[in-house]
Amino acid sequence: MALTQTALRVALYEGPGAKSLSPGRRFETVKQLLSQGCSVRSAADPGDASVWVGDFDGGPATPGFQHVSLDQPDFAEAIDGVRIQEQAAPAGQWKPWFPVIDYDRCTNCMQCLSFCLFGVYGVDGDRKLQVQNQDNCKTNCPACSRVCPEAAILFPKYKAGPINGDVVSDADLQREKMKVDISALLGGDVYSLLRERTAKAQSRFSKERDADKALAERQKCLTKLAALSADIPPEVLASLPSPEEIARRAAEAAARARAALEPSN
Amino acid sequence: MSTPRILYCHCQYAQVLPKDVKEQVLQSLCDRGVEFEAVADLCELSARRDPLLKALADGGPLKIAACFPRAVKWLFAAAGAPLDAGQTEVCNLRVEAATAASEALLNAALSPNLPAGKNQS
Ligand code: SF4
Ligand code: SF4
């Protein structure tokens with residue numbers, strides 16, 4: 001899925017040619033439109049909205065504007081029809097969960113880029129870290145924020161601070177650094193730990209050619225990884241690619257991070 | 001300074017904002033009949049680089065009802081729409097009571113509160 005579509009812009013119109021709405025009706029209408037993924041402008045000037053919504057007295061004063069009457073029994077369907085026609089983003093197909101970088105804190109160390117196996121991160125033309133593929137991020141997985149030594153990676157929908165954007169305290173920073181140290185002791189990061197273990201398992205597989213054992217070993221790795229990072233949802237762990245694929249992607253990510261860090265001539 | 005515009009985020013796709021708080025805040029905007037913009041999910045608009053964010057960031061004083069100011073600051077920046085720290089106030093509906101947040105939004109005085117940082121001019 002590419003995030004190329006933007007939200008349908010709706011004006012809640014109460015100007016000439018329409019009745020003014022009671023506060024309750026205004027509230028219910030805005031809530032309904034938000035649940036359909038629309039952006040709603042409630043103002044005298046409808047701005048550049050694609051569609052006007054209101055209780056019209058024979059149509060809006062400015063003819064030619066697309067409008068949907070609140071009295072229409074199939075109001076929600078009508079709005080959805082406009083959304084499709086305008087090729088605006090559909091509601092609820094993607095939970096917007098992705099990392100957001102606090103560039104006041106980021107030191108461009110590229111640990112996150114080399115850690116993420118899903119190609120979420122990249123670099124811009126100036127080799128500055130960038131979140132490039134938000135929709136590749138695994139929903140509810142904040143793992144990369146755990147490897148950032150600067151607490152510079154936010155997930156605004158995360159439950160706790162500082163990952164959710166709350167102020168970063170000195171204690172948080174110490175904890176973040178400790179996490180990195182712990183993972184370094186274990187072999188670089190949790191993914192390299194996983195890779196090591198799967199590599200060992202792999203050499204055994206080739207000798208034993210026992211698919212059940214291979215699966216059991218992989219599950220053992222995943223359980224270990226889950227214990228190390230209690231935050232990583234089991235479904236994310238279960239959806240990790242095969243050990244070979246992990247090794248390939250990790251090498252790719254590390255190469256991109258190295259390239260970004262190489263001094264330019 | 002002109003009257004601050006109001007942006008309300010409904011955080012549609014997560015239970016991040018307490019339901020009663022966000023609904024009371026939206027209700028208070030509707031009760032007062034003030035002008036406002038409401039978005040389903042500011043995070044999603046940021047990921048989609050929705051041009052509405054640039055229009056809001058470039059349009060002068062702005063009050064935003066959403067979550068932590070640090071998150072809001074960098075969500076706008078990620079969309080190529082950096083907020084003006086001197087002209088932006090964020091009401092954090094994750095921690096503020098509905099009445100306090102509504103009062104702050106409806107009050108014409110602006111109290112800028114984006115975190116200042118090394119990239120903040
Ligand atoms: S790990 Fe943190 S500090 Fe390093 S590049 Fe990523 S966001 Fe920036
Ligand atoms: S900006 Fe904050 S309140 Fe709005 S959708 Fe994102 S997490 Fe929710």
# chains A, B, ... in the order shown; residues from 1 in each chain; ligands from 1
$ interface_residues --of "chain A" --to "chain B" --cutoff "9 Å" --atoms "only C-alpha atoms" --output "JSON, numbers by chain"
{"A": [3, 4, 5, 6, 7, 9, 22, 23, 24, 25, 26, 27, 28, 30, 31, 33, 34, 35, 36, 37, 38, 39, 40, 41, 42, 43, 44, 91, 92, 94, 95, 96, 97, 98, 100, 101, 102, 103, 104, 105, 130, 131, 133, 134, 135, 154, 155, 156, 157, 158, 159, 164, 165, 166, 167]}
$ residues_near_ligand --ligand "ligand 1" --cutoff "8 Å" --atoms "only C-alpha atoms and all ligand atoms" --output "PyMOL selection string"
chain A and resi 101-103+105-113+129+144-145+147-153
$ residues_around --residues "Ala109 (chain B)" --least-positions-apart "4" --cutoff "9 Å" --atoms "only C-alpha atoms" --output "PyMOL selection string"
chain B and resi 3-4+104
$ select_by_dssp --residues "chain B" --states "helix (DSSP H, G or I)" --output "PyMOL selection string"
chain B and resi 19-32+42-47+51-57+69-78+85-87+98-106
$ select_by_dssp --residues "region 29-146 of chain A" --states "strand (DSSP E or B)" --output "VMD selection string"
chain A and resid 39 to 42 51 to 56 67 to 69 100 to 101 121 to 123 129 to 131
$ residues_around --residues "Val68 (chain A)" --least-positions-apart "4" --cutoff "9 Å" --atoms "only C-alpha atoms" --output "list in words"
Val51, Trp52, Val53, Gly54, Asp55, Phe56, Gln72, Phe75, Ala78 and Ile79 of chain A
$ closest_residue --among "A:Ile84, A:Val168, A:Asp231, A:Ala160" --to "ligand 2" --atoms "only C-alpha atoms and all ligand atoms"
A:Ala160
$ decode --residues "region 41-54 of chain A" --atoms "all heavy atoms" --output "PDB file, in the first residue's frame"
ATOM      1  N   ARG A  41     -13.959  20.942   8.014  1.00  0.00           N
ATOM      2  CA  ARG A  41     -13.781  22.360   8.308  1.00  0.00           C
ATOM      3  C   ARG A  41     -15.132  22.928   8.691  1.00  0.00           C
ATOM      4  O   ARG A  41     -16.089  22.857   7.916  1.00  0.00           O
ATOM      5  CB  ARG A  41     -13.250  23.063   7.057  1.00  0.00           C
ATOM      6  CG  ARG A  41     -13.026  24.541   7.212  1.00  0.00           C
ATOM      7  CD  ARG A  41     -12.395  25.082   5.932  1.00  0.00           C
ATOM      8  NE  ARG A  41     -12.415  26.536   5.925  1.00  0.00           N
ATOM      9  CZ  ARG A  41     -11.477  27.283   6.479  1.00  0.00           C
ATOM     10  NH1 ARG A  41     -10.460  26.714   7.074  1.00  0.00           N
ATOM     11  NH2 ARG A  41     -11.557  28.609   6.442  1.00  0.00           N
ATOM     12  N   SER A  42     -15.203  23.443   9.922  1.00  0.00           N
ATOM     13  CA  SER A  42     -16.442  24.070  10.368  1.00  0.00           C
ATOM     14  C   SER A  42     -16.150  25.564  10.473  1.00  0.00           C
ATOM     15  O   SER A  42     -15.554  26.038  11.436  1.00  0.00           O
ATOM     16  CB  SER A  42     -16.840  23.496  11.737  1.00  0.00           C
ATOM     17  OG  SER A  42     -18.028  24.080  12.177  1.00  0.00           O
ATOM     18  N   ALA A  43     -16.504  26.289   9.421  1.00  0.00           N
ATOM     19  CA  ALA A  43     -16.146  27.712   9.349  1.00  0.00           C
ATOM     20  C   ALA A  43     -17.040  28.390   8.327  1.00  0.00           C
ATOM     21  O   ALA A  43     -17.635  27.728   7.470  1.00  0.00           O
ATOM     22  CB  ALA A  43     -14.684  27.865   8.934  1.00  0.00           C
ATOM     23  N   ALA A  44     -17.135  29.723   8.425  1.00  0.00           N
ATOM     24  CA  ALA A  44     -17.972  30.464   7.480  1.00  0.00           C
ATOM     25  C   ALA A  44     -17.443  30.284   6.047  1.00  0.00           C
ATOM     26  O   ALA A  44     -18.212  30.135   5.102  1.00  0.00           O
ATOM     27  CB  ALA A  44     -17.984  31.941   7.865  1.00  0.00           C
ATOM     28  N   ASP A  45     -16.120  30.281   5.917  1.00  0.00           N
ATOM     29  CA  ASP A  45     -15.522  30.100   4.601  1.00  0.00           C
ATOM     30  C   ASP A  45     -15.177  28.612   4.424  1.00  0.00           C
ATOM     31  O   ASP A  45     -14.327  28.088   5.148  1.00  0.00           O
ATOM     32  CB  ASP A  45     -14.244  30.959   4.529  1.00  0.00           C
ATOM     33  CG  ASP A  45     -13.396  30.628   3.319  1.00  0.00           C
ATOM     34  OD1 ASP A  45     -13.906  29.939   2.407  1.00  0.00           O
ATOM     35  OD2 ASP A  45     -12.223  31.058   3.292  1.00  0.00           O
ATOM     36  N   PRO A  46     -15.814  27.941   3.473  1.00  0.00           N
ATOM     37  CA  PRO A  46     -15.562  26.496   3.324  1.00  0.00           C
ATOM     38  C   PRO A  46     -14.166  26.160   2.823  1.00  0.00           C
ATOM     39  O   PRO A  46     -13.792  24.986   2.773  1.00  0.00           O
ATOM     40  CB  PRO A  46     -16.614  26.050   2.304  1.00  0.00           C
ATOM     41  CG  PRO A  46     -17.567  27.173   2.165  1.00  0.00           C
ATOM     42  CD  PRO A  46     -16.829  28.424   2.525  1.00  0.00           C
ATOM     43  N   GLY A  47     -13.375  27.170   2.464  1.00  0.00           N
ATOM     44  CA  GLY A  47     -12.003  26.905   2.016  1.00  0.00           C
ATOM     45  C   GLY A  47     -11.995  26.042   0.766  1.00  0.00           C
ATOM     46  O   GLY A  47     -12.874  26.155  -0.088  1.00  0.00           O
ATOM     47  N   ASP A  48     -11.017  25.138   0.698  1.00  0.00           N
ATOM     48  CA  ASP A  48     -10.901  24.329  -0.521  1.00  0.00           C
ATOM     49  C   ASP A  48     -11.477  22.928  -0.338  1.00  0.00           C
ATOM     50  O   ASP A  48     -10.992  21.961  -0.922  1.00  0.00           O
ATOM     51  CB  ASP A  48      -9.444  24.259  -0.977  1.00  0.00           C
ATOM     52  CG  ASP A  48      -8.544  23.666   0.097  1.00  0.00           C
ATOM     53  OD1 ASP A  48      -9.072  23.340   1.192  1.00  0.00           O
ATOM     54  OD2 ASP A  48      -7.340  23.506  -0.140  1.00  0.00           O
ATOM     55  N   ALA A  49     -12.543  22.842   0.476  1.00  0.00           N
ATOM     56  CA  ALA A  49     -13.162  21.524   0.693  1.00  0.00           C
ATOM     57  C   ALA A  49     -13.692  20.958  -0.622  1.00  0.00           C
ATOM     58  O   ALA A  49     -14.139  21.699  -1.494  1.00  0.00           O
ATOM     59  CB  ALA A  49     -14.298  21.667   1.700  1.00  0.00           C
ATOM     60  N   SER A  50     -13.631  19.633  -0.736  1.00  0.00           N
ATOM     61  CA  SER A  50     -14.127  18.978  -1.957  1.00  0.00           C
ATOM     62  C   SER A  50     -15.644  18.877  -1.947  1.00  0.00           C
ATOM     63  O   SER A  50     -16.278  18.748  -2.986  1.00  0.00           O
ATOM     64  CB  SER A  50     -13.573  17.556  -2.067  1.00  0.00           C
ATOM     65  OG  SER A  50     -12.194  17.568  -2.012  1.00  0.00           O
ATOM     66  N   VAL A  51     -16.214  18.867  -0.754  1.00  0.00           N
ATOM     67  CA  VAL A  51     -17.670  18.706  -0.674  1.00  0.00           C
ATOM     68  C   VAL A  51     -18.206  19.491   0.517  1.00  0.00           C
ATOM     69  O   VAL A  51     -17.550  19.594   1.547  1.00  0.00           O
ATOM     70  CB  VAL A  51     -18.034  17.190  -0.592  1.00  0.00           C
ATOM     71  CG1 VAL A  51     -17.358  16.501   0.562  1.00  0.00           C
ATOM     72  CG2 VAL A  51     -19.541  16.971  -0.513  1.00  0.00           C
ATOM     73  N   TRP A  52     -19.389  20.096   0.314  1.00  0.00           N
ATOM     74  CA  TRP A  52     -20.029  20.823   1.407  1.00  0.00           C
ATOM     75  C   TRP A  52     -21.151  19.957   1.954  1.00  0.00           C
ATOM     76  O   TRP A  52     -21.915  19.362   1.192  1.00  0.00           O
ATOM     77  CB  TRP A  52     -20.641  22.136   0.894  1.00  0.00           C
ATOM     78  CG  TRP A  52     -19.661  23.094   0.302  1.00  0.00           C
ATOM     79  CD1 TRP A  52     -18.359  22.871  -0.029  1.00  0.00           C
ATOM     80  CD2 TRP A  52     -19.942  24.465  -0.047  1.00  0.00           C
ATOM     81  NE1 TRP A  52     -17.792  24.006  -0.570  1.00  0.00           N
ATOM     82  CE2 TRP A  52     -18.748  25.000  -0.589  1.00  0.00           C
ATOM     83  CE3 TRP A  52     -21.058  25.288   0.044  1.00  0.00           C
ATOM     84  CZ2 TRP A  52     -18.636  26.309  -1.036  1.00  0.00           C
ATOM     85  CZ3 TRP A  52     -20.968  26.592  -0.400  1.00  0.00           C
ATOM     86  CH2 TRP A  52     -19.763  27.109  -0.929  1.00  0.00           C
ATOM     87  N   VAL A  53     -21.246  19.968   3.274  1.00  0.00           N
ATOM     88  CA  VAL A  53     -22.287  19.196   3.948  1.00  0.00           C
ATOM     89  C   VAL A  53     -23.114  20.172   4.766  1.00  0.00           C
ATOM     90  O   VAL A  53     -22.568  21.048   5.422  1.00  0.00           O
ATOM     91  CB  VAL A  53     -21.607  18.142   4.865  1.00  0.00           C
ATOM     92  CG1 VAL A  53     -22.525  17.700   5.968  1.00  0.00           C
ATOM     93  CG2 VAL A  53     -21.117  16.958   4.053  1.00  0.00           C
ATOM     94  N   GLY A  54     -24.432  20.066   4.714  1.00  0.00           N
ATOM     95  CA  GLY A  54     -25.258  20.974   5.502  1.00  0.00           C
ATOM     96  C   GLY A  54     -26.736  20.652   5.381  1.00  0.00           C
ATOM     97  O   GLY A  54     -27.132  19.713   4.688  1.00  0.00           O
TER      98      GLY A  54
END
